[in-house]
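Have a look at protein-v5.cif below; it lists mmCIF, C-alpha atoms and all ligand atoms.
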```
data_query
loop_
_atom_site.label_atom_id
_atom_site.label_comp_id
_atom_site.auth_asym_id
_atom_site.auth_seq_id
_atom_site.Cartn_x
_atom_site.Cartn_y
_atom_site.Cartn_z
CA MET A 25 -76.55 30.15 17.90
CA LYS A 26 -76.96 32.34 21.00
CA VAL A 27 -73.46 33.55 21.88
CA LEU A 28 -72.14 35.43 24.91
CA VAL A 29 -69.33 37.73 23.75
CA VAL A 30 -67.17 38.46 26.78
CA GLY A 31 -65.11 41.59 26.14
CA GLY A 32 -67.51 42.46 23.31
CA ALA A 33 -67.08 46.22 23.79
CA GLY A 34 -63.35 45.95 23.05
CA TYR A 35 -61.59 46.28 19.72
CA ILE A 36 -61.72 42.72 18.41
CA GLY A 37 -64.86 41.67 20.32
CA SER A 38 -66.96 44.51 18.89
CA HIS A 39 -66.00 43.58 15.33
CA CYS A 40 -66.84 39.96 16.07
CA VAL A 41 -70.29 40.99 17.34
CA ARG A 42 -70.95 42.56 13.93
CA GLN A 43 -69.75 39.45 12.10
CA LEU A 44 -71.91 37.22 14.31
CA ILE A 45 -75.00 39.19 13.33
CA GLU A 46 -74.06 39.04 9.65
CA ALA A 47 -73.68 35.27 9.95
CA GLY A 48 -77.17 34.98 11.49
CA HIS A 49 -76.16 34.36 15.13
CA GLN A 50 -77.50 36.15 18.21
CA PRO A 51 -74.77 37.86 20.24
CA VAL A 52 -75.21 39.05 23.84
CA VAL A 53 -72.36 41.21 25.16
CA LEU A 54 -70.72 41.16 28.59
CA ASP A 55 -68.04 43.77 29.32
CA ASN A 56 -67.11 45.72 32.44
CA LEU A 57 -66.04 48.67 30.21
CA VAL A 58 -62.70 48.96 32.01
CA TYR A 59 -61.16 49.47 28.55
CA GLY A 60 -64.09 48.91 26.20
CA HIS A 61 -66.60 51.35 24.73
CA ARG A 62 -70.37 51.06 25.00
CA ALA A 63 -70.62 52.91 21.68
CA ALA A 64 -68.72 50.09 19.95
CA VAL A 65 -71.79 47.87 20.36
CA ASP A 66 -75.09 48.66 18.68
CA GLU A 67 -77.81 49.73 21.12
CA SER A 68 -80.09 46.96 19.89
CA ILE A 69 -77.79 44.30 21.34
CA VAL A 70 -78.37 42.99 24.87
CA PHE A 71 -75.48 44.37 26.92
CA TYR A 72 -74.41 43.43 30.47
CA GLN A 73 -71.94 45.77 32.16
CA GLU A 74 -70.46 43.11 34.41
CA ASP A 75 -67.10 41.69 35.44
CA LEU A 76 -66.31 38.27 34.02
CA GLY A 77 -64.89 37.29 37.42
CA ASN A 78 -68.35 37.52 39.00
CA ARG A 79 -69.12 33.82 38.74
CA ALA A 80 -72.66 33.92 40.17
CA ALA A 81 -73.75 36.85 37.99
CA VAL A 82 -72.24 35.33 34.85
CA ALA A 83 -73.87 31.94 35.52
CA GLU A 84 -77.21 33.72 35.92
CA ILE A 85 -76.75 35.55 32.61
CA LEU A 86 -75.76 32.31 30.84
CA LYS A 87 -78.91 30.60 32.12
CA ASN A 88 -81.35 33.48 31.63
CA GLU A 89 -80.14 34.21 28.11
CA GLN A 90 -79.97 30.49 27.20
CA ILE A 91 -76.43 30.91 25.94
CA GLU A 92 -75.02 28.04 23.87
CA LEU A 93 -71.47 29.24 23.29
CA VAL A 94 -69.10 31.73 24.96
CA MET A 95 -66.49 33.76 23.06
CA HIS A 96 -63.87 35.19 25.41
CA PHE A 97 -62.03 38.33 24.28
CA ALA A 98 -61.69 40.05 27.67
CA ALA A 99 -58.14 40.40 28.95
CA PHE A 100 -55.47 42.92 29.75
CA ILE A 101 -53.33 43.11 26.62
CA ASN A 102 -50.30 45.34 27.20
CA VAL A 103 -47.16 43.23 27.05
CA GLY A 104 -44.90 45.90 28.61
CA GLU A 105 -47.27 46.53 31.52
CA SER A 106 -47.51 42.78 32.17
CA VAL A 107 -43.78 42.70 32.89
CA HIS A 108 -44.13 45.35 35.60
CA GLU A 109 -47.54 44.32 36.95
CA PRO A 110 -47.75 40.53 36.60
CA LEU A 111 -50.36 40.16 39.36
CA LYS A 112 -52.78 42.41 37.49
CA TYR A 113 -52.40 40.17 34.43
CA TYR A 114 -52.59 36.79 36.16
CA GLU A 115 -55.59 37.97 38.20
CA ASN A 116 -57.63 39.10 35.19
CA ASN A 117 -56.41 36.90 32.36
CA VAL A 118 -56.16 33.67 34.35
CA GLY A 119 -58.06 34.13 37.66
CA ASN A 120 -61.14 35.77 36.18
CA THR A 121 -61.11 33.37 33.23
CA ILE A 122 -61.29 30.49 35.72
CA GLN A 123 -64.38 32.13 37.26
CA LEU A 124 -65.94 32.43 33.80
CA LEU A 125 -65.25 28.77 33.05
CA GLN A 126 -66.69 27.80 36.44
CA ALA A 127 -69.82 29.81 35.62
CA MET A 128 -70.11 27.92 32.32
CA VAL A 129 -69.88 24.59 34.12
CA ASP A 130 -72.48 25.82 36.68
CA ALA A 131 -74.83 26.81 33.84
CA GLY A 132 -74.14 23.74 31.67
CA VAL A 133 -72.65 25.70 28.74
CA LYS A 134 -70.02 23.57 27.00
CA LYS A 135 -68.72 25.53 23.98
CA PHE A 136 -65.91 28.06 24.28
CA VAL A 137 -63.84 30.17 21.88
CA PHE A 138 -60.69 31.78 23.27
CA SER A 139 -58.43 34.65 22.13
CA SER A 140 -54.83 33.55 22.49
CA THR A 141 -51.77 35.08 20.91
CA CYS A 142 -48.62 34.40 18.93
CA ALA A 143 -46.86 35.72 22.06
CA THR A 144 -47.26 32.20 23.47
CA TYR A 145 -44.49 31.05 21.07
CA GLY A 146 -41.93 33.42 22.61
CA GLU A 147 -38.88 33.80 20.35
CA PRO A 148 -39.31 31.05 17.77
CA ASP A 149 -36.39 29.24 16.11
CA LYS A 150 -38.38 28.53 12.97
CA LEU A 151 -40.57 30.68 10.73
CA PRO A 152 -43.28 30.81 9.60
CA LEU A 153 -44.86 29.71 12.86
CA VAL A 154 -46.75 26.44 12.79
CA GLU A 155 -49.07 25.45 15.61
CA ASP A 156 -47.04 22.56 16.96
CA LEU A 157 -43.88 24.58 17.62
CA PRO A 158 -42.93 24.73 21.31
CA GLN A 159 -44.71 27.45 23.30
CA ALA A 160 -42.32 29.38 25.52
CA PRO A 161 -43.62 32.90 26.24
CA ILE A 162 -41.07 35.53 27.19
CA ASN A 163 -43.46 37.81 29.11
CA PRO A 164 -46.26 37.42 31.69
CA TYR A 165 -48.97 38.41 29.16
CA GLY A 166 -48.04 35.49 26.90
CA MET A 167 -47.75 33.17 29.89
CA THR A 168 -51.29 34.00 31.08
CA LYS A 169 -52.63 33.02 27.66
CA LEU A 170 -50.62 29.79 27.61
CA GLN A 171 -51.92 28.85 31.07
CA VAL A 172 -55.51 29.28 29.93
CA GLU A 173 -54.76 27.18 26.83
CA GLN A 174 -53.51 24.40 29.12
CA LEU A 175 -56.59 24.63 31.34
CA LEU A 176 -58.82 24.41 28.25
CA LYS A 177 -57.00 21.25 27.14
CA ASP A 178 -57.68 19.72 30.56
CA LEU A 179 -61.35 20.77 30.48
CA ALA A 180 -61.75 19.20 27.03
CA HIS A 181 -60.06 16.02 28.20
CA CYS A 182 -62.56 15.49 31.02
CA GLY A 183 -65.49 16.42 28.77
CA LYS A 184 -66.60 19.55 30.65
CA ILE A 185 -65.93 22.23 27.99
CA SER A 186 -64.95 22.01 24.30
CA SER A 187 -62.73 24.83 23.02
CA ALA A 188 -61.42 26.49 19.92
CA VAL A 189 -58.30 28.54 20.65
CA PHE A 190 -57.03 31.18 18.23
CA ARG A 191 -53.50 32.52 18.36
CA TYR A 192 -53.76 35.95 16.77
CA PHE A 193 -50.91 37.70 15.08
CA ASN A 194 -51.26 41.52 14.82
CA ALA A 195 -54.96 42.38 14.85
CA SER A 196 -55.45 45.50 12.70
CA GLY A 197 -57.88 47.49 10.58
CA ALA A 198 -61.49 48.49 11.15
CA ALA A 199 -65.00 47.76 9.94
CA ILE A 200 -65.33 48.38 6.21
CA ASP A 201 -67.94 51.13 6.80
CA GLY A 202 -65.62 52.97 9.23
CA THR A 203 -68.19 53.04 12.04
CA ILE A 204 -66.22 50.96 14.55
CA GLY A 205 -62.47 50.59 14.91
CA GLU A 206 -59.45 50.52 17.19
CA ASP A 207 -59.57 52.79 20.26
CA HIS A 208 -57.11 51.54 22.88
CA SER A 209 -56.10 53.82 25.71
CA PRO A 210 -53.17 53.94 26.05
CA GLU A 211 -52.48 53.07 22.41
CA SER A 212 -49.32 51.06 21.82
CA HIS A 213 -49.97 49.50 18.41
CA LEU A 214 -47.99 50.48 15.34
CA ILE A 215 -50.70 51.23 12.76
CA PRO A 216 -52.80 53.67 14.84
CA LEU A 217 -49.64 55.36 16.12
CA ALA A 218 -48.32 55.79 12.57
CA ILE A 219 -51.67 57.30 11.52
CA PHE A 220 -51.70 59.64 14.54
CA ALA A 221 -48.15 60.78 13.70
CA ALA A 222 -49.28 61.47 10.11
CA THR A 223 -52.27 63.56 11.23
CA GLY A 224 -50.20 65.44 13.81
CA GLN A 225 -52.27 64.08 16.73
CA ARG A 226 -49.15 62.49 18.20
CA PRO A 227 -45.45 63.22 18.04
CA ALA A 228 -43.21 61.56 15.47
CA LEU A 229 -43.45 57.77 15.42
CA LYS A 230 -40.55 56.03 17.10
CA VAL A 231 -39.28 53.10 15.03
CA PHE A 232 -38.16 50.62 17.65
CA GLY A 233 -34.94 49.11 16.30
CA THR A 234 -33.35 49.38 12.87
CA ASP A 235 -30.62 46.77 13.36
CA TYR A 236 -32.70 43.59 13.35
CA PRO A 237 -31.60 40.71 11.11
CA THR A 238 -34.42 41.46 8.65
CA PRO A 239 -34.29 42.80 5.07
CA ASP A 240 -34.67 46.48 6.09
CA GLY A 241 -33.50 46.17 9.71
CA THR A 242 -36.94 46.72 11.27
CA CYS A 243 -39.19 44.08 12.87
CA LEU A 244 -41.38 41.85 10.77
CA ARG A 245 -44.96 41.17 11.85
CA ASP A 246 -48.09 39.64 10.36
CA TYR A 247 -50.99 42.15 10.24
CA ILE A 248 -54.38 40.45 10.11
CA HIS A 249 -57.68 42.28 9.66
CA VAL A 250 -60.11 42.10 12.62
CA ASP A 251 -62.96 40.98 10.36
CA ASP A 252 -60.81 38.11 9.07
CA LEU A 253 -60.13 37.08 12.67
CA SER A 254 -63.85 37.15 13.45
CA ARG A 255 -64.78 35.04 10.44
CA ALA A 256 -62.37 32.31 11.50
CA HIS A 257 -63.93 32.21 14.96
CA ILE A 258 -67.39 31.67 13.52
CA ALA A 259 -66.08 29.02 11.10
CA ALA A 260 -64.93 26.99 14.12
CA PHE A 261 -68.38 26.72 15.75
CA ASP A 262 -69.09 23.37 14.02
CA LYS A 263 -65.96 21.87 15.57
CA LEU A 264 -67.42 22.43 19.03
CA GLU A 265 -70.41 20.14 18.58
CA ALA A 266 -68.41 17.15 19.84
CA ASP A 267 -67.39 16.69 23.48
CA ASN A 268 -63.69 16.44 24.36
CA THR A 269 -62.72 18.91 21.63
CA PHE A 270 -59.67 21.16 21.84
CA VAL A 271 -58.67 22.76 18.55
CA HIS A 272 -56.15 25.55 18.08
CA TYR A 273 -55.22 27.70 15.11
CA ASN A 274 -52.82 30.45 14.15
CA LEU A 275 -54.58 33.44 12.64
CA GLY A 276 -52.34 35.52 10.42
CA THR A 277 -52.04 36.26 6.72
CA GLY A 278 -48.67 34.52 6.47
CA THR A 279 -47.02 37.62 4.98
CA PRO A 280 -44.21 39.30 6.94
CA ILE A 281 -44.42 43.11 6.85
CA SER A 282 -41.73 45.40 8.28
CA VAL A 283 -42.24 48.55 10.34
CA LYS A 284 -40.82 50.58 7.44
CA GLN A 285 -43.34 48.97 5.05
CA ILE A 286 -46.16 49.99 7.40
CA ILE A 287 -44.91 53.58 7.36
CA ASP A 288 -44.75 53.53 3.54
CA SER A 289 -48.25 52.11 3.33
CA VAL A 290 -49.72 54.68 5.77
CA GLU A 291 -48.13 57.45 3.67
CA LYS A 292 -49.54 55.98 0.45
CA VAL A 293 -53.05 55.46 1.81
CA THR A 294 -53.38 58.77 3.68
CA GLY A 295 -51.40 60.94 1.27
CA LEU A 296 -49.65 62.34 4.36
CA THR A 297 -46.09 62.08 5.60
CA VAL A 298 -45.45 59.96 8.68
CA PRO A 299 -42.88 61.87 10.70
CA HIS A 300 -40.68 59.22 12.31
CA GLU A 301 -37.41 58.83 14.12
CA PHE A 302 -35.24 55.84 14.80
CA ALA A 303 -35.18 54.64 18.39
CA PRO A 304 -33.60 51.75 20.29
CA ARG A 305 -35.20 48.32 20.24
CA ARG A 306 -38.25 47.89 22.50
CA ALA A 307 -37.61 45.27 25.18
CA GLY A 308 -39.23 41.92 24.45
CA ASP A 309 -39.77 42.43 20.69
CA PRO A 310 -38.81 39.34 18.66
CA PRO A 311 -37.27 40.26 15.25
CA ALA A 312 -39.92 38.42 13.24
CA LEU A 313 -43.29 36.76 13.87
CA TYR A 314 -45.48 35.53 11.06
CA ALA A 315 -47.89 32.69 10.68
CA ASP A 316 -48.18 29.54 8.71
CA ASN A 317 -51.98 29.67 8.44
CA SER A 318 -52.48 26.44 6.46
CA LYS A 319 -54.13 24.61 9.37
CA ALA A 320 -56.93 27.20 9.64
CA ARG A 321 -57.29 27.24 5.84
CA GLU A 322 -57.52 23.47 5.57
CA GLU A 323 -59.61 22.64 8.64
CA LEU A 324 -61.93 25.68 8.75
CA GLY A 325 -62.16 26.49 5.05
CA TRP A 326 -61.09 29.98 6.09
CA GLN A 327 -58.93 32.44 4.23
CA PRO A 328 -58.08 36.05 4.94
CA LYS A 329 -59.81 38.55 2.66
CA TYR A 330 -57.28 41.28 3.43
CA ASN A 331 -53.99 40.10 1.97
CA SER A 332 -52.79 43.57 1.01
CA VAL A 333 -51.55 45.78 3.82
CA ASP A 334 -52.70 48.86 1.86
CA ASP A 335 -56.29 47.55 1.84
CA LEU A 336 -56.07 46.83 5.55
CA ILE A 337 -54.69 50.28 6.38
CA GLU A 338 -57.35 51.85 4.17
CA THR A 339 -60.00 50.53 6.60
CA ALA A 340 -58.07 51.80 9.64
CA TRP A 341 -57.69 55.21 7.96
CA LYS A 342 -61.43 55.44 7.23
CA TRP A 343 -62.16 54.86 10.94
CA HIS A 344 -59.52 57.27 12.31
CA LYS A 345 -60.38 59.99 9.79
CA SER A 346 -64.05 59.93 10.79
CA HIS A 347 -63.32 59.41 14.54
CA PRO A 348 -60.19 61.45 15.29
CA ASN A 349 -60.81 61.01 19.03
CA GLY A 350 -62.03 57.43 18.79
CA TYR A 351 -65.42 56.77 20.35
CA ALA A 352 -65.23 60.10 22.18
CA SER A 353 -65.69 61.73 18.74
CA LYS A 354 -69.39 60.88 18.77
N1 LIG B 1 -55.01 43.42 19.69
C1 LIG B 1 -54.19 42.45 19.26
O1 LIG B 1 -53.40 42.64 18.33
C2 LIG B 1 -54.23 41.08 19.91
C3 LIG B 1 -53.27 40.15 19.54
C4 LIG B 1 -53.30 38.88 20.12
C5 LIG B 1 -54.29 38.55 21.03
N2 LIG B 1 -55.23 39.49 21.40
C6 LIG B 1 -56.24 39.12 22.38
O2 LIG B 1 -57.53 39.44 21.86
C7 LIG B 1 -58.40 39.84 22.91
C8 LIG B 1 -59.06 41.17 22.58
O3 LIG B 1 -58.06 42.15 22.39
P1 LIG B 1 -58.49 43.66 22.07
O4 LIG B 1 -57.39 44.27 21.30
O5 LIG B 1 -59.85 43.67 21.52
O6 LIG B 1 -58.49 44.27 23.55
P2 LIG B 1 -59.46 45.40 24.17
O7 LIG B 1 -58.79 45.92 25.39
O8 LIG B 1 -59.87 46.36 23.12
O9 LIG B 1 -60.75 44.56 24.57
C9 LIG B 1 -60.82 43.81 25.76
C10 LIG B 1 -62.19 44.06 26.38
O10 LIG B 1 -62.31 43.27 27.57
C11 LIG B 1 -62.91 44.05 28.58
N3 LIG B 1 -62.49 43.47 29.88
C12 LIG B 1 -61.24 43.36 30.36
N4 LIG B 1 -61.26 42.77 31.58
C13 LIG B 1 -62.56 42.50 31.87
C14 LIG B 1 -63.23 41.90 32.97
N5 LIG B 1 -62.57 41.47 34.04
N6 LIG B 1 -64.58 41.75 32.92
C15 LIG B 1 -65.29 42.19 31.82
N7 LIG B 1 -64.72 42.78 30.76
C16 LIG B 1 -63.36 42.93 30.77
C17 LIG B 1 -62.41 45.46 28.34
O11 LIG B 1 -63.26 46.44 28.90
C18 LIG B 1 -62.39 45.52 26.82
O12 LIG B 1 -63.62 45.98 26.30
C19 LIG B 1 -57.56 39.86 24.18
O13 LIG B 1 -57.80 38.65 24.89
C20 LIG B 1 -56.14 39.91 23.67
O14 LIG B 1 -55.24 39.29 24.56
C21 LIG B 1 -55.21 40.75 20.87
O1 LIG B 2 -44.52 53.07 18.33
C1 LIG B 2 -44.24 51.96 17.87
C2 LIG B 2 -45.04 50.82 18.07
C3 LIG B 2 -44.63 49.62 17.54
N1 LIG B 2 -43.48 49.54 16.82
C4 LIG B 2 -43.06 48.27 16.25
O2 LIG B 2 -44.12 47.78 15.44
C5 LIG B 2 -44.22 46.37 15.52
C6 LIG B 2 -45.62 46.02 15.95
O3 LIG B 2 -45.82 46.47 17.28
P1 LIG B 2 -47.26 46.46 17.97
O4 LIG B 2 -47.07 47.03 19.35
O5 LIG B 2 -48.25 47.09 17.07
O6 LIG B 2 -47.61 44.93 18.04
P2 LIG B 2 -46.80 43.75 18.72
O7 LIG B 2 -46.31 42.88 17.60
O8 LIG B 2 -45.84 44.18 19.73
O9 LIG B 2 -47.99 43.14 19.58
C7 LIG B 2 -48.91 42.20 19.11
O10 LIG B 2 -48.46 40.96 19.54
C8 LIG B 2 -48.29 40.89 20.94
C9 LIG B 2 -47.69 39.59 21.19
O11 LIG B 2 -46.33 39.65 20.89
C10 LIG B 2 -49.62 41.10 21.66
O12 LIG B 2 -50.47 40.00 21.42
C11 LIG B 2 -50.23 42.40 21.22
O13 LIG B 2 -51.53 42.53 21.76
C12 LIG B 2 -50.30 42.45 19.71
O14 LIG B 2 -50.75 43.70 19.26
C13 LIG B 2 -43.15 45.93 16.52
O15 LIG B 2 -42.05 45.51 15.81
C14 LIG B 2 -42.81 47.21 17.29
O16 LIG B 2 -41.49 47.25 17.74
C15 LIG B 2 -42.70 50.65 16.60
O17 LIG B 2 -41.65 50.57 15.94
N2 LIG B 2 -43.10 51.84 17.12
#
```

Could you write out this structure as structure tokens?
Ligand SMILES: NC(=O)c1ccc[n+]([C@@H]2O[C@H](COP(=O)([O-])OP(=O)(O)OC[C@H]3O[C@@H](n4cnc5c(N)ncnc54)[C@H](O)[C@@H]3O)[C@@H](O)[C@H]2O)c1
Ligand SMILES: O=c1ccn([C@@H]2O[C@H](COP(=O)(O)OP(=O)(O)O[C@H]3O[C@H](CO)[C@H](O)[C@H](O)[C@H]3O)[C@@H](O)[C@H]2O)c(=O)[nH]1
Amino acid sequence: MKVLVVGGAGYIGSHCVRQLIEAGHQPVVLDNLVYGHRAAVDESIVFYQEDLGNRAAVAEILKNEQIELVMHFAAFINVGESVHEPLKYYENNVGNTIQLLQAMVDAGVKKFVFSSTCATYGEPDKLPLVEDLPQAPINPYGMTKLQVEQLLKDLAHCGKISSAVFRYFNASGAAIDGTIGEDHSPESHLIPLAIFAATGQRPALKVFGTDYPTPDGTCLRDYIHVDDLSRAHIAAFDKLEADNTFVHYNLGTGTPISVKQIIDSVEKVTGLTVPHEFAPRRAGDPPALYADNSKAREELGWQPKYNSVDDLIETAWKWHKSHPNGYASK
């Protein structure tokens, strides 16, 4: 299948490009490089430095490249920033996505895979999270993703575009060979920050909240390896053959892991100490988020390969050790 990977120079998109090639597909990447890295995508891959909101240019690319399916990873992803700059988030995550979908309709491309998030569930009453729980995001970032999900349902209903939507839990880890990995700027995610604290590249890690109603008082999350995410996306391609399709899946391991457990694991894997200090809760953090992933297992025949957080952190460590300054290390 010839696939346009929008946001393919970003963290998750670049890993998916690799998995697409391994699975025998032909990826073409579109990214405006506002946050992505050209070096995250092999030079042999056709690369368009373009904004997804440029409907005419994207339609042209879709037609010229004879694209059959679009995978959409491009978005602004910082929850805290979305609270202070909602327009920036609605403009890119919703407005530009509408332009992309319009371009697909213009070019007659009908298959779409979308990166959504567990943030669409807000603060759930029940755990683990199953897909049919109510979606009530508590921040603009989550709301932009929920709005696109709704639009995709409507587009499936009228037969214009069939979609597979994936609600990711905490995307983590790096390619097994350590050649590509996570390089967000600014970095806000726990695992890279814990590693940077261990190596002395950053100050002590702040543990946001130690008084949560969890076994050790710190937040519980579900850390899922980027390659496991990518494999689930590819497993859903068959579902998109039929018109009027809208399928949606949680992607997590199903195992809750606390912030303290992540610190312990980083110390074990790196052999270094993670200097850390206790800090107040971070606004908008639910105490616990972890997936019931049985729907993806049953319907896609998918299962995560990385069920041990040590194995997952091992891959992140291999990347950070060999690229202490991310892609700028090259
Ligand atoms: N990282 C996580 O833990 C996580 C969790 C849940 C959902 N997601 C979703 O997964 C997707 C990928 O996340 P990521 O961590 O890889 O983010 P990322 O920032 O590393 O990648 C996003 C890519 O999109 C590109 N981009 C942004 N706006 C663009 C535009 N207008 N035109 C063209 N390119 C544009 C950026 O340059 C970047 O390369 C996002 O949609 C995010 O909301 C991520
Ligand atoms: O310096 C830090 C950073 C994080 N944490 C804690 O570590 C856990 C994980 O935090 P991350 O920022 O790594 O991830 P989030 O769970 O906040 O965010 C994830 O889920 C969000 C939805 O809620 C978005 O989708 C986001 O892109 C995705 O990474 C949270 O309990 C957070 O409070 C710390 O204690 N210290």

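Atom CA of A:Ala307 lies 13.8 Å from atom CA of A:Lys230.
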
* Asked: Within 9 Å of ligand LIG 2 (chain B), counting only C-alpha atoms and all ligand atoms: which residues, as a ChimeraX atom specification?
  -> /A:100-103,140-146,163,165-166,191-196,211-218,229-234,242-247,282-284,286,302-303,305-313

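The coordinates place atom CA of A:Ala228 at 26.9 Å from atom O14 of ligand LIG 1 (chain B).
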
* Show me which residues sit within 6 Å of ligand LIG 1 (chain B) when counting all atoms listed in the file, and put them as number ranges by chain. => A: 31, 33-37, 55-60, 74-77, 97-101, 116, 139-141, 192-195, 208

Could you save the residues just selected, with C-alpha atoms, as a compact mmCIF listing (two decimals), in the frame of the given file?
```
# COMPACT_ATOMS: atom_id res chain seq x y z
CA GLY A 31 -65.11 41.59 26.14
CA ALA A 33 -67.08 46.22 23.79
CA GLY A 34 -63.35 45.95 23.05
CA TYR A 35 -61.59 46.28 19.72
CA ILE A 36 -61.72 42.72 18.41
CA GLY A 37 -64.86 41.67 20.32
CA ASP A 55 -68.04 43.77 29.32
CA ASN A 56 -67.11 45.72 32.44
CA LEU A 57 -66.04 48.67 30.21
CA VAL A 58 -62.70 48.96 32.01
CA TYR A 59 -61.16 49.47 28.55
CA GLY A 60 -64.09 48.91 26.20
CA GLU A 74 -70.46 43.11 34.41
CA ASP A 75 -67.10 41.69 35.44
CA LEU A 76 -66.31 38.27 34.02
CA GLY A 77 -64.89 37.29 37.42
CA PHE A 97 -62.03 38.33 24.28
CA ALA A 98 -61.69 40.05 27.67
CA ALA A 99 -58.14 40.40 28.95
CA PHE A 100 -55.47 42.92 29.75
CA ILE A 101 -53.33 43.11 26.62
CA ASN A 116 -57.63 39.10 35.19
CA SER A 139 -58.43 34.65 22.13
CA SER A 140 -54.83 33.55 22.49
CA THR A 141 -51.77 35.08 20.91
CA TYR A 192 -53.76 35.95 16.77
CA PHE A 193 -50.91 37.70 15.08
CA ASN A 194 -51.26 41.52 14.82
CA ALA A 195 -54.96 42.38 14.85
CA HIS A 208 -57.11 51.54 22.88
```

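Distances from A:Thr238, A:Gly276, A:Val293, A:Leu324 to A:Ala188 were compared using all atoms listed in the file, and the smallest one belongs to A:Leu324.
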
Please produce, as CSV, a per-residue contact table for stretch 267-298 of chain A versus stretch 253-260 of chain A (criterion: any atom at most 10 Å away, all atoms listed in the file considered), showing the nearest atom pair and its distance in Å to one decimal, sorted by chain then residue number.
```
residue,atom,partner,partner_atom,distance
A:Val271,CA,A:Ala260,CA,8.8
A:His272,CA,A:Ala260,CA,9.7
A:Tyr273,CA,A:Ala256,CA,9.2
A:Asn274,CA,A:Leu253,CA,10.0
A:Leu275,CA,A:Leu253,CA,6.6
A:Gly276,CA,A:Leu253,CA,8.3
```

Generate the output file for the selected residues, C-alpha atoms, as a PDB file, in the coordinates of the input.
```
ATOM      1  CA  VAL A 271     -58.670  22.760  18.550  1.00  0.00           C
ATOM      2  CA  HIS A 272     -56.150  25.550  18.080  1.00  0.00           C
ATOM      3  CA  TYR A 273     -55.220  27.700  15.110  1.00  0.00           C
ATOM      4  CA  ASN A 274     -52.820  30.450  14.150  1.00  0.00           C
ATOM      5  CA  LEU A 275     -54.580  33.440  12.640  1.00  0.00           C
ATOM      6  CA  GLY A 276     -52.340  35.520  10.420  1.00  0.00           C
TER       7      GLY A 276
END
```

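The list of residues with at least one atom within 7 Å of A:Val41, based on all atoms listed in the file and without residues fewer than 4 positions apart in the same chain, reads Gly32, Gly37, Ile45 and Pro51 of chain A.
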
* In Å, rounded to a single decimal, give me how far atom CA of A:Glu322 is from atom CA of A:Asp267. => 21.5 Å

Report, as AutoDock Vina command-line options, the axis-aligned box around all atoms of stretch 110-118 of chain A present in the file, extended by 5 Å on each side; give centre and edge lengths in Å to one decimal place.
```
--center_x -52.7 --center_y 38.0 --center_z 35.9 --size_x 19.9 --size_y 18.7 --size_z 17.0
```

* To do: May I have the protein, DNA and RNA residues with any atom at most 12 Å from the point (-55.5, 28.1, 33.9), counting all atoms listed in the file, written as a VMD selection string?
  => chain A and resid 114 to 126 167 to 179

Prev. selection, C-alpha atoms, output as a PDB file, in the coordinates of the input:
```pdb
ATOM      1  CA  TYR A 114     -52.590  36.790  36.160  1.00  0.00           C
ATOM      2  CA  GLU A 115     -55.590  37.970  38.200  1.00  0.00           C
ATOM      3  CA  ASN A 116     -57.630  39.100  35.190  1.00  0.00           C
ATOM      4  CA  ASN A 117     -56.410  36.900  32.360  1.00  0.00           C
ATOM      5  CA  VAL A 118     -56.160  33.670  34.350  1.00  0.00           C
ATOM      6  CA  GLY A 119     -58.060  34.130  37.660  1.00  0.00           C
ATOM      7  CA  ASN A 120     -61.140  35.770  36.180  1.00  0.00           C
ATOM      8  CA  THR A 121     -61.110  33.370  33.230  1.00  0.00           C
ATOM      9  CA  ILE A 122     -61.290  30.490  35.720  1.00  0.00           C
ATOM     10  CA  GLN A 123     -64.380  32.130  37.260  1.00  0.00           C
ATOM     11  CA  LEU A 124     -65.940  32.430  33.800  1.00  0.00           C
ATOM     12  CA  LEU A 125     -65.250  28.770  33.050  1.00  0.00           C
ATOM     13  CA  GLN A 126     -66.690  27.800  36.440  1.00  0.00           C
ATOM     14  CA  MET A 167     -47.750  33.170  29.890  1.00  0.00           C
ATOM     15  CA  THR A 168     -51.290  34.000  31.080  1.00  0.00           C
ATOM     16  CA  LYS A 169     -52.630  33.020  27.660  1.00  0.00           C
ATOM     17  CA  LEU A 170     -50.620  29.790  27.610  1.00  0.00           C
ATOM     18  CA  GLN A 171     -51.920  28.850  31.070  1.00  0.00           C
ATOM     19  CA  VAL A 172     -55.510  29.280  29.930  1.00  0.00           C
ATOM     20  CA  GLU A 173     -54.760  27.180  26.830  1.00  0.00           C
ATOM     21  CA  GLN A 174     -53.510  24.400  29.120  1.00  0.00           C
ATOM     22  CA  LEU A 175     -56.590  24.630  31.340  1.00  0.00           C
ATOM     23  CA  LEU A 176     -58.820  24.410  28.250  1.00  0.00           C
ATOM     24  CA  LYS A 177     -57.000  21.250  27.140  1.00  0.00           C
ATOM     25  CA  ASP A 178     -57.680  19.720  30.560  1.00  0.00           C
ATOM     26  CA  LEU A 179     -61.350  20.770  30.480  1.00  0.00           C
TER      27      LEU A 179
END
```

* Asked: For A:Leu336, which of A:Ile287, A:Ala199, A:Arg226, A:Asp207 is the closest residue, counting all atoms listed in the file?
  -> A:Ala199

* **Which of A:Lys134, A:His344, A:Lys263, A:Arg42 sits closest to A:Ala221 [using only C-alpha atoms]** => A:His344

* Structure fact -> The residue from A:Met128, A:Ala352, A:Ala315, A:Ala63 with the smallest atom-to-atom distance to A:Pro152, counting only C-alpha atoms, is A:Ala315

* Any idea what's packed within 10 Å of A:Trp341, counting all atoms listed in the file, ignoring anything in its chain fewer than 3 positions away? Could you give it as a PyMOL selection string? -> chain A and resi 197-198+202+205+215-216+219-220+290+293-294+335-338+344-348
